[in-house]
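Engineer: Got upload.txt for you, compact mmCIF, N, CA, C and O atoms:
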# COMPACT_ATOMS: atom_id res chain seq x y z
N MET B 11 94.93 99.24 99.54
CA MET B 11 95.91 99.10 100.60
C MET B 11 97.17 99.82 100.19
O MET B 11 97.66 99.65 99.10
N GLU B 12 97.68 100.61 101.07
CA GLU B 12 98.90 101.32 100.78
C GLU B 12 100.03 100.65 101.54
O GLU B 12 99.88 100.27 102.69
N PHE B 13 101.15 100.51 100.86
CA PHE B 13 102.27 99.81 101.46
C PHE B 13 103.40 100.77 101.73
O PHE B 13 103.63 101.71 101.00
N GLY B 14 104.13 100.50 102.79
CA GLY B 14 105.33 101.26 103.09
C GLY B 14 106.47 100.73 102.24
O GLY B 14 106.26 100.16 101.19
N SER B 15 107.67 100.90 102.71
CA SER B 15 108.80 100.42 101.93
C SER B 15 109.46 99.24 102.63
O SER B 15 109.25 98.99 103.80
N GLY B 16 110.24 98.51 101.85
CA GLY B 16 111.05 97.43 102.39
C GLY B 16 110.27 96.30 103.00
O GLY B 16 109.33 95.78 102.42
N GLY B 17 110.69 95.92 104.21
CA GLY B 17 110.11 94.77 104.88
C GLY B 17 108.64 94.90 105.20
O GLY B 17 107.90 93.92 105.14
N SER B 18 108.19 96.11 105.52
CA SER B 18 106.77 96.27 105.83
C SER B 18 105.91 96.05 104.59
O SER B 18 104.82 95.51 104.69
N GLN B 19 106.41 96.46 103.43
CA GLN B 19 105.67 96.22 102.18
C GLN B 19 105.58 94.72 101.91
O GLN B 19 104.52 94.19 101.61
N ARG B 20 106.71 94.03 102.06
CA ARG B 20 106.74 92.60 101.81
C ARG B 20 105.81 91.88 102.78
O ARG B 20 105.07 90.98 102.41
N ALA B 21 105.83 92.28 104.05
CA ALA B 21 104.98 91.65 105.07
C ALA B 21 103.50 91.87 104.75
O ALA B 21 102.68 90.95 104.89
N ALA B 22 103.16 93.07 104.29
CA ALA B 22 101.77 93.36 103.94
C ALA B 22 101.33 92.54 102.72
O ALA B 22 100.21 92.01 102.69
N LEU B 23 102.22 92.41 101.73
CA LEU B 23 101.92 91.61 100.55
C LEU B 23 101.75 90.14 100.94
O LEU B 23 100.83 89.46 100.47
N LEU B 24 102.64 89.65 101.80
CA LEU B 24 102.57 88.26 102.24
C LEU B 24 101.27 87.99 102.98
O LEU B 24 100.59 86.99 102.71
N THR B 25 100.90 88.87 103.88
CA THR B 25 99.65 88.71 104.62
C THR B 25 98.45 88.71 103.68
O THR B 25 97.56 87.86 103.81
N ALA B 26 98.44 89.62 102.72
CA ALA B 26 97.33 89.70 101.77
C ALA B 26 97.24 88.43 100.93
O ALA B 26 96.15 87.89 100.70
N ALA B 27 98.38 87.92 100.48
CA ALA B 27 98.39 86.71 99.65
C ALA B 27 97.96 85.49 100.45
O ALA B 27 97.14 84.69 99.98
N VAL B 28 98.49 85.34 101.67
CA VAL B 28 98.13 84.19 102.51
C VAL B 28 96.63 84.23 102.84
O VAL B 28 95.94 83.21 102.77
N THR B 29 96.14 85.40 103.16
CA THR B 29 94.72 85.55 103.49
C THR B 29 93.84 85.20 102.29
O THR B 29 92.84 84.50 102.44
N ALA B 30 94.22 85.66 101.11
CA ALA B 30 93.44 85.38 99.90
C ALA B 30 93.42 83.88 99.60
O ALA B 30 92.37 83.32 99.28
N VAL B 31 94.57 83.23 99.71
CA VAL B 31 94.64 81.78 99.45
C VAL B 31 93.83 81.03 100.51
O VAL B 31 93.05 80.12 100.19
N ALA B 32 93.97 81.40 101.76
CA ALA B 32 93.23 80.74 102.84
C ALA B 32 91.73 80.88 102.63
O ALA B 32 90.97 79.92 102.83
N ASP B 33 91.28 82.06 102.23
CA ASP B 33 89.85 82.28 101.96
C ASP B 33 89.36 81.38 100.83
O ASP B 33 88.28 80.80 100.92
N LEU B 34 90.15 81.29 99.76
CA LEU B 34 89.75 80.44 98.63
C LEU B 34 89.68 78.96 99.02
O LEU B 34 88.83 78.24 98.54
N LEU B 35 90.61 78.54 99.86
CA LEU B 35 90.66 77.14 100.27
C LEU B 35 89.79 76.85 101.48
O LEU B 35 89.64 75.70 101.87
N ASP B 36 89.23 77.91 102.08
CA ASP B 36 88.41 77.78 103.28
C ASP B 36 89.18 77.08 104.40
O ASP B 36 88.70 76.12 105.01
N VAL B 37 90.41 77.56 104.62
CA VAL B 37 91.25 77.04 105.69
C VAL B 37 91.78 78.23 106.51
O VAL B 37 91.70 79.37 106.08
N ASP B 38 92.34 77.93 107.67
CA ASP B 38 92.97 78.95 108.49
C ASP B 38 94.25 79.42 107.80
O ASP B 38 94.98 78.60 107.22
N ALA B 39 94.54 80.69 107.87
CA ALA B 39 95.73 81.24 107.22
C ALA B 39 97.01 80.56 107.71
O ALA B 39 97.96 80.40 106.95
N ALA B 40 97.03 80.13 108.96
CA ALA B 40 98.22 79.46 109.50
C ALA B 40 98.50 78.13 108.81
O ALA B 40 99.62 77.62 108.86
N ALA B 41 97.50 77.56 108.15
CA ALA B 41 97.65 76.28 107.47
C ALA B 41 98.22 76.42 106.05
O ALA B 41 98.51 75.42 105.40
N VAL B 42 98.38 77.65 105.58
CA VAL B 42 98.84 77.89 104.21
C VAL B 42 100.36 77.92 104.18
O VAL B 42 100.99 78.77 104.83
N CYS B 43 100.96 77.00 103.44
CA CYS B 43 102.41 76.95 103.27
C CYS B 43 102.80 77.92 102.16
O CYS B 43 102.37 77.76 101.01
N THR B 44 103.62 78.90 102.49
CA THR B 44 103.96 79.94 101.52
C THR B 44 104.96 79.49 100.46
O THR B 44 105.11 80.15 99.44
N SER B 45 105.63 78.36 100.69
CA SER B 45 106.61 77.88 99.72
C SER B 45 106.07 76.76 98.84
O SER B 45 106.74 76.32 97.90
N ALA B 46 104.85 76.29 99.11
CA ALA B 46 104.25 75.23 98.30
C ALA B 46 103.64 75.83 97.03
O ALA B 46 103.03 76.90 97.08
N PRO B 47 103.83 75.16 95.90
CA PRO B 47 103.21 75.64 94.67
C PRO B 47 101.69 75.74 94.83
O PRO B 47 101.09 74.95 95.56
N PHE B 48 101.10 76.71 94.14
CA PHE B 48 99.65 76.89 94.23
C PHE B 48 98.92 75.59 93.91
O PHE B 48 97.94 75.25 94.56
N SER B 49 99.43 74.84 92.93
CA SER B 49 98.78 73.58 92.56
C SER B 49 98.83 72.57 93.70
O SER B 49 97.87 71.83 93.93
N ASP B 50 99.93 72.54 94.46
CA ASP B 50 100.04 71.64 95.60
C ASP B 50 99.11 72.05 96.74
O ASP B 50 98.72 71.21 97.56
N LEU B 51 98.78 73.33 96.78
CA LEU B 51 97.83 73.80 97.80
C LEU B 51 96.39 73.43 97.43
O LEU B 51 95.50 73.55 98.26
N GLY B 52 96.19 73.00 96.19
CA GLY B 52 94.86 72.61 95.75
C GLY B 52 94.16 73.64 94.89
O GLY B 52 92.95 73.55 94.67
N LEU B 53 94.91 74.64 94.42
CA LEU B 53 94.31 75.67 93.58
C LEU B 53 94.41 75.29 92.11
O LEU B 53 95.51 75.14 91.58
N GLY B 54 93.26 75.13 91.47
CA GLY B 54 93.21 74.86 90.04
C GLY B 54 93.14 76.17 89.27
O GLY B 54 93.18 77.26 89.86
N SER B 55 92.99 76.08 87.97
CA SER B 55 93.01 77.28 87.13
C SER B 55 91.86 78.23 87.45
O SER B 55 92.05 79.45 87.46
N LEU B 56 90.68 77.71 87.75
CA LEU B 56 89.55 78.58 88.09
C LEU B 56 89.82 79.32 89.40
O LEU B 56 89.59 80.52 89.51
N GLN B 57 90.35 78.61 90.39
CA GLN B 57 90.66 79.25 91.66
C GLN B 57 91.81 80.25 91.52
O GLN B 57 91.83 81.27 92.19
N LEU B 58 92.76 79.97 90.63
CA LEU B 58 93.84 80.93 90.40
C LEU B 58 93.30 82.21 89.79
O LEU B 58 93.74 83.31 90.13
N ALA B 59 92.32 82.08 88.90
CA ALA B 59 91.70 83.26 88.32
C ALA B 59 90.99 84.07 89.41
O ALA B 59 91.07 85.31 89.43
N ARG B 60 90.34 83.38 90.32
CA ARG B 60 89.69 84.07 91.45
C ARG B 60 90.73 84.72 92.36
O ARG B 60 90.51 85.80 92.90
N LEU B 61 91.86 84.03 92.50
CA LEU B 61 92.93 84.56 93.34
C LEU B 61 93.46 85.88 92.78
O LEU B 61 93.72 86.80 93.56
N THR B 62 93.59 85.99 91.48
CA THR B 62 94.09 87.24 90.90
C THR B 62 93.17 88.40 91.29
O THR B 62 93.65 89.47 91.67
N ALA B 63 91.87 88.19 91.22
CA ALA B 63 90.92 89.24 91.57
C ALA B 63 91.03 89.60 93.04
O ALA B 63 91.02 90.79 93.41
N ARG B 64 91.15 88.61 93.90
CA ARG B 64 91.27 88.87 95.34
C ARG B 64 92.56 89.62 95.67
O ARG B 64 92.57 90.52 96.50
N LEU B 65 93.64 89.23 95.01
CA LEU B 65 94.91 89.90 95.24
C LEU B 65 94.87 91.34 94.75
O LEU B 65 95.38 92.24 95.42
N GLU B 66 94.25 91.55 93.61
CA GLU B 66 94.12 92.92 93.08
C GLU B 66 93.31 93.79 94.04
O GLU B 66 93.68 94.94 94.30
N ASP B 67 92.22 93.25 94.56
CA ASP B 67 91.40 93.99 95.52
C ASP B 67 92.18 94.29 96.80
O ASP B 67 92.13 95.39 97.33
N ALA B 68 92.89 93.29 97.30
CA ALA B 68 93.59 93.43 98.58
C ALA B 68 94.84 94.30 98.47
O ALA B 68 95.16 95.05 99.39
N MET B 69 95.53 94.21 97.32
CA MET B 69 96.81 94.87 97.18
C MET B 69 96.76 96.16 96.36
O MET B 69 97.69 96.95 96.39
N GLY B 70 95.70 96.32 95.60
CA GLY B 70 95.59 97.51 94.77
C GLY B 70 96.54 97.53 93.60
O GLY B 70 96.84 98.59 93.06
N VAL B 71 97.05 96.36 93.21
CA VAL B 71 97.93 96.26 92.05
C VAL B 71 97.41 95.16 91.13
O VAL B 71 96.75 94.22 91.58
N GLU B 72 97.69 95.30 89.85
CA GLU B 72 97.25 94.30 88.88
C GLU B 72 98.09 93.04 89.03
O GLU B 72 99.32 93.10 89.10
N VAL B 73 97.41 91.90 89.10
CA VAL B 73 98.07 90.61 89.17
C VAL B 73 97.43 89.73 88.11
O VAL B 73 96.27 89.34 88.23
N SER B 74 98.19 89.44 87.06
CA SER B 74 97.64 88.63 85.97
C SER B 74 97.76 87.14 86.28
O SER B 74 98.56 86.72 87.12
N LEU B 75 96.98 86.36 85.58
CA LEU B 75 97.06 84.91 85.72
C LEU B 75 98.45 84.43 85.32
O LEU B 75 99.02 83.53 85.95
N THR B 76 99.02 85.05 84.30
CA THR B 76 100.37 84.70 83.87
C THR B 76 101.37 84.92 85.00
O THR B 76 102.30 84.12 85.18
N THR B 77 101.18 85.98 85.77
CA THR B 77 102.07 86.25 86.90
C THR B 77 102.05 85.10 87.90
O THR B 77 103.10 84.71 88.42
N LEU B 78 100.87 84.53 88.13
CA LEU B 78 100.77 83.40 89.06
C LEU B 78 101.47 82.17 88.53
O LEU B 78 102.05 81.40 89.29
N TYR B 79 101.43 81.96 87.21
CA TYR B 79 102.12 80.81 86.62
C TYR B 79 103.63 81.04 86.60
O TYR B 79 104.41 80.11 86.77
N ASP B 80 104.06 82.29 86.42
CA ASP B 80 105.49 82.61 86.41
C ASP B 80 106.09 82.60 87.81
O ASP B 80 107.29 82.41 87.97
N HIS B 81 105.26 82.84 88.80
CA HIS B 81 105.68 82.88 90.21
C HIS B 81 104.73 81.96 90.98
O HIS B 81 103.78 82.43 91.61
N PRO B 82 104.97 80.64 90.92
CA PRO B 82 103.97 79.64 91.30
C PRO B 82 103.76 79.35 92.78
O PRO B 82 103.09 78.38 93.12
N ASP B 83 104.32 80.16 93.65
CA ASP B 83 104.00 80.01 95.07
C ASP B 83 103.96 81.39 95.71
O ASP B 83 104.34 82.39 95.09
N ILE B 84 103.47 81.46 96.92
CA ILE B 84 103.27 82.75 97.57
C ILE B 84 104.59 83.50 97.76
O ILE B 84 104.66 84.69 97.51
N GLU B 85 105.64 82.79 98.17
CA GLU B 85 106.93 83.44 98.40
C GLU B 85 107.44 84.11 97.12
O GLU B 85 107.85 85.27 97.14
N GLN B 86 107.42 83.37 96.01
CA GLN B 86 107.91 83.92 94.74
C GLN B 86 107.03 85.08 94.27
O GLN B 86 107.53 86.09 93.76
N LEU B 87 105.73 84.93 94.44
CA LEU B 87 104.81 85.97 94.03
C LEU B 87 105.04 87.26 94.82
O LEU B 87 105.12 88.35 94.25
N VAL B 88 105.19 87.13 96.13
CA VAL B 88 105.41 88.29 96.98
C VAL B 88 106.73 88.97 96.62
O VAL B 88 106.80 90.21 96.55
N GLU B 89 107.77 88.21 96.39
CA GLU B 89 109.07 88.79 95.99
C GLU B 89 108.92 89.59 94.70
O GLU B 89 109.42 90.70 94.59
N TYR B 90 108.21 89.01 93.75
CA TYR B 90 107.99 89.71 92.47
C TYR B 90 107.20 90.99 92.67
O TYR B 90 107.58 92.06 92.18
N LEU B 91 106.11 90.91 93.40
CA LEU B 91 105.26 92.09 93.61
C LEU B 91 105.98 93.17 94.42
O LEU B 91 105.77 94.36 94.19
N ALA B 92 106.83 92.77 95.33
CA ALA B 92 107.57 93.74 96.15
C ALA B 92 108.58 94.51 95.31
O ALA B 92 108.94 95.64 95.66
N MET B 93 109.03 93.92 94.22
CA MET B 93 110.02 94.58 93.35
C MET B 93 109.37 95.53 92.35
O MET B 93 110.08 96.30 91.72
N ARG B 94 108.07 95.48 92.20
CA ARG B 94 107.38 96.32 91.21
C ARG B 94 107.23 97.73 91.69
O ARG B 94 107.27 98.07 92.79
Can you give me the file's structure in the form of structure tokens?

Structural biologist:
Amino acid sequence: MEFGSGGSQRAALLTAAVTAVADLLDVDAAAVCTSAPFSDLGLGSLQLARLTARLEDAMGVEVSLTTLYDHPDIEQLVEYLAMR
């Protein structure tokens, strides 16, 4: 996935992250709270590892497990990735 600059990049990252989390949780993307910690959404360490792979595939950028722990919700993660 190629991203533009600014807001469109952030929006694309947000959509990719919400979609990946929704797929892992088997819920509708609209049900995913972007400010809730991954653990509060029900993602354990195994699912977080799966999430890194899905995010890498969707976004075309490396996302380590450590990155998810350092940025523990979708909003923080997207902000971090948008700055890279």

Engineer: I'd like the interatomic distance between CA of Ile84 in chain B and CA of Asp36 in chain B, to a tenth of an Å.

Structural biologist: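 That distance, rounded to one decimal, is 16.7 Å.
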
Engineer: So which residues touch Arg60 in chain B within 8 Å, counting only N, CA, C and O atoms, skipping near sequence neighbours fewer than 6 positions away, as a VMD selection string?

Structural biologist: chain B and resid 30 34 54 66 to 67

Engineer: Mind pulling up the distance from CA of Asp38 in chain B to CA of Gln86 in chain B?

Structural biologist: 20.9 Å

Engineer: Dig up all the protein and nucleic acid residues within 7 Å of (102.9, 94.4, 92.3) in the file frame, using only C-alpha atoms, and format them as a PyMOL selection string.

Structural biologist: chain B and resi 71-73+90-92+94

Engineer: Which distance in Å separates CA of Leu58 in chain B and CA of Ala46 in chain B, to one decimal?

Structural biologist: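 Straight-line distance from CA of Leu58 in chain B to CA of Ala46 in chain B works out to 14.3 Å.
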
Engineer: DSSP on the backbone, then: every residue of chain B marked alpha helix (DSSP H), written as a PyMOL selection string.

Structural biologist: chain B and resi 17-35+48-51+55-69+75-80+84-93

Engineer: Need to verify the contact set: Met93 in chain B, 10 Å, only C-alpha atoms, exclusion of same-chain residues closer than 2 positions in sequence. Can you return it as a list in words?

Structural biologist: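 Contacts, with the query itself left out: Gly16, Gln19, Arg20, Val88, Glu89, Tyr90 and Leu91 of chain B.
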
Engineer: Which neighbours of Pro82 in chain B fall inside 7 Å, counting only N, CA, C and O atoms, when residues of the same chain fewer than 6 positions from it are skipped, and could you give them as a list in words?

Structural biologist: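 So the residues in contact are Thr44, Ser45, Ala46, Pro47, Phe48, Ser49 and Asp50 of chain B.
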
Engineer: Hey, could you pull the box centre and edge lengths for range 67-71 of chain B, axis-aligned, 5 Å padding per side, all listed atoms, to one decimal in Å, as JSON?

Structural biologist:
{"center_x": 94.7, "center_y": 95.9, "center_z": 95.3, "size_x": 16.5, "size_y": 15.3, "size_z": 18.3}

Engineer: Let me make sure I understand: among B:Ala63, B:Leu75, B:Val28, B:Ala68, which one has the smallest atom-to-atom distance to Cys43 in chain B if we use all atoms listed in the file?

Structural biologist: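 The answer is B:Val28, which sits nearest to Cys43 in chain B.
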
Engineer: Generate the coordinates of all heavy atoms for range 48-59 of chain B; report them as a PDB file, in the coordinates of the input.

Structural biologist:
ATOM      1  N   PHE B  48     101.100  76.710  94.140  1.00  0.00           N
ATOM      2  CA  PHE B  48      99.650  76.890  94.230  1.00  0.00           C
ATOM      3  C   PHE B  48      98.920  75.590  93.910  1.00  0.00           C
ATOM      4  O   PHE B  48      97.940  75.250  94.560  1.00  0.00           O
ATOM      5  CB  PHE B  48      99.183  78.007  93.280  1.00  0.00           C
ATOM      6  CG  PHE B  48      99.683  79.371  93.668  1.00  0.00           C
ATOM      7  CD1 PHE B  48     100.461  80.116  92.798  1.00  0.00           C
ATOM      8  CD2 PHE B  48      99.378  79.927  94.901  1.00  0.00           C
ATOM      9  CE1 PHE B  48     100.923  81.383  93.151  1.00  0.00           C
ATOM     10  CE2 PHE B  48      99.829  81.188  95.270  1.00  0.00           C
ATOM     11  CZ  PHE B  48     100.613  81.913  94.386  1.00  0.00           C
ATOM     12  N   SER B  49      99.430  74.840  92.930  1.00  0.00           N
ATOM     13  CA  SER B  49      98.780  73.580  92.560  1.00  0.00           C
ATOM     14  C   SER B  49      98.830  72.570  93.700  1.00  0.00           C
ATOM     15  O   SER B  49      97.870  71.830  93.930  1.00  0.00           O
ATOM     16  CB  SER B  49      99.420  72.986  91.302  1.00  0.00           C
ATOM     17  OG  SER B  49     100.809  72.766  91.512  1.00  0.00           O
ATOM     18  N   ASP B  50      99.930  72.540  94.460  1.00  0.00           N
ATOM     19  CA  ASP B  50     100.040  71.640  95.600  1.00  0.00           C
ATOM     20  C   ASP B  50      99.110  72.050  96.740  1.00  0.00           C
ATOM     21  O   ASP B  50      98.720  71.210  97.560  1.00  0.00           O
ATOM     22  CB  ASP B  50     101.474  71.568  96.116  1.00  0.00           C
ATOM     23  CG  ASP B  50     102.411  70.806  95.184  1.00  0.00           C
ATOM     24  OD1 ASP B  50     101.949  70.312  94.130  1.00  0.00           O
ATOM     25  OD2 ASP B  50     103.604  70.722  95.505  1.00  0.00           O
ATOM     26  N   LEU B  51      98.780  73.330  96.780  1.00  0.00           N
ATOM     27  CA  LEU B  51      97.830  73.800  97.800  1.00  0.00           C
ATOM     28  C   LEU B  51      96.390  73.430  97.430  1.00  0.00           C
ATOM     29  O   LEU B  51      95.500  73.550  98.260  1.00  0.00           O
ATOM     30  CB  LEU B  51      97.938  75.321  97.965  1.00  0.00           C
ATOM     31  CG  LEU B  51      99.253  75.848  98.540  1.00  0.00           C
ATOM     32  CD1 LEU B  51      99.276  77.368  98.518  1.00  0.00           C
ATOM     33  CD2 LEU B  51      99.473  75.325  99.957  1.00  0.00           C
ATOM     34  N   GLY B  52      96.190  73.000  96.190  1.00  0.00           N
ATOM     35  CA  GLY B  52      94.860  72.610  95.750  1.00  0.00           C
ATOM     36  C   GLY B  52      94.160  73.640  94.890  1.00  0.00           C
ATOM     37  O   GLY B  52      92.950  73.550  94.670  1.00  0.00           O
ATOM     38  N   LEU B  53      94.910  74.640  94.420  1.00  0.00           N
ATOM     39  CA  LEU B  53      94.310  75.670  93.580  1.00  0.00           C
ATOM     40  C   LEU B  53      94.410  75.290  92.110  1.00  0.00           C
ATOM     41  O   LEU B  53      95.510  75.140  91.580  1.00  0.00           O
ATOM     42  CB  LEU B  53      95.007  77.024  93.801  1.00  0.00           C
ATOM     43  CG  LEU B  53      94.876  77.623  95.194  1.00  0.00           C
ATOM     44  CD1 LEU B  53      95.732  78.871  95.317  1.00  0.00           C
ATOM     45  CD2 LEU B  53      93.434  77.949  95.513  1.00  0.00           C
ATOM     46  N   GLY B  54      93.260  75.130  91.470  1.00  0.00           N
ATOM     47  CA  GLY B  54      93.210  74.860  90.040  1.00  0.00           C
ATOM     48  C   GLY B  54      93.140  76.170  89.270  1.00  0.00           C
ATOM     49  O   GLY B  54      93.180  77.260  89.860  1.00  0.00           O
ATOM     50  N   SER B  55      92.990  76.080  87.970  1.00  0.00           N
ATOM     51  CA  SER B  55      93.010  77.280  87.130  1.00  0.00           C
ATOM     52  C   SER B  55      91.860  78.230  87.450  1.00  0.00           C
ATOM     53  O   SER B  55      92.050  79.450  87.460  1.00  0.00           O
ATOM     54  CB  SER B  55      93.022  76.912  85.649  1.00  0.00           C
ATOM     55  OG  SER B  55      91.917  76.109  85.332  1.00  0.00           O
ATOM     56  N   LEU B  56      90.680  77.710  87.750  1.00  0.00           N
ATOM     57  CA  LEU B  56      89.550  78.580  88.090  1.00  0.00           C
ATOM     58  C   LEU B  56      89.820  79.320  89.400  1.00  0.00           C
ATOM     59  O   LEU B  56      89.590  80.520  89.510  1.00  0.00           O
ATOM     60  CB  LEU B  56      88.258  77.768  88.200  1.00  0.00           C
ATOM     61  CG  LEU B  56      87.010  78.566  88.569  1.00  0.00           C
ATOM     62  CD1 LEU B  56      86.749  79.656  87.529  1.00  0.00           C
ATOM     63  CD2 LEU B  56      85.808  77.647  88.671  1.00  0.00           C
ATOM     64  N   GLN B  57      90.350  78.610  90.390  1.00  0.00           N
ATOM     65  CA  GLN B  57      90.660  79.250  91.660  1.00  0.00           C
ATOM     66  C   GLN B  57      91.810  80.250  91.520  1.00  0.00           C
ATOM     67  O   GLN B  57      91.830  81.270  92.190  1.00  0.00           O
ATOM     68  CB  GLN B  57      90.977  78.217  92.734  1.00  0.00           C
ATOM     69  CG  GLN B  57      89.732  77.494  93.219  1.00  0.00           C
ATOM     70  CD  GLN B  57      90.066  76.443  94.241  1.00  0.00           C
ATOM     71  OE1 GLN B  57      90.909  75.591  94.006  1.00  0.00           O
ATOM     72  NE2 GLN B  57      89.395  76.501  95.385  1.00  0.00           N
ATOM     73  N   LEU B  58      92.760  79.970  90.630  1.00  0.00           N
ATOM     74  CA  LEU B  58      93.840  80.930  90.400  1.00  0.00           C
ATOM     75  C   LEU B  58      93.300  82.210  89.790  1.00  0.00           C
ATOM     76  O   LEU B  58      93.740  83.310  90.130  1.00  0.00           O
ATOM     77  CB  LEU B  58      94.927  80.316  89.510  1.00  0.00           C
ATOM     78  CG  LEU B  58      95.816  79.268  90.173  1.00  0.00           C
ATOM     79  CD1 LEU B  58      96.780  78.674  89.152  1.00  0.00           C
ATOM     80  CD2 LEU B  58      96.574  79.838  91.353  1.00  0.00           C
ATOM     81  N   ALA B  59      92.320  82.080  88.900  1.00  0.00           N
ATOM     82  CA  ALA B  59      91.700  83.260  88.320  1.00  0.00           C
ATOM     83  C   ALA B  59      90.990  84.070  89.410  1.00  0.00           C
ATOM     84  O   ALA B  59      91.070  85.310  89.430  1.00  0.00           O
ATOM     85  CB  ALA B  59      90.719  82.863  87.218  1.00  0.00           C
TER      86      ALA B  59
END
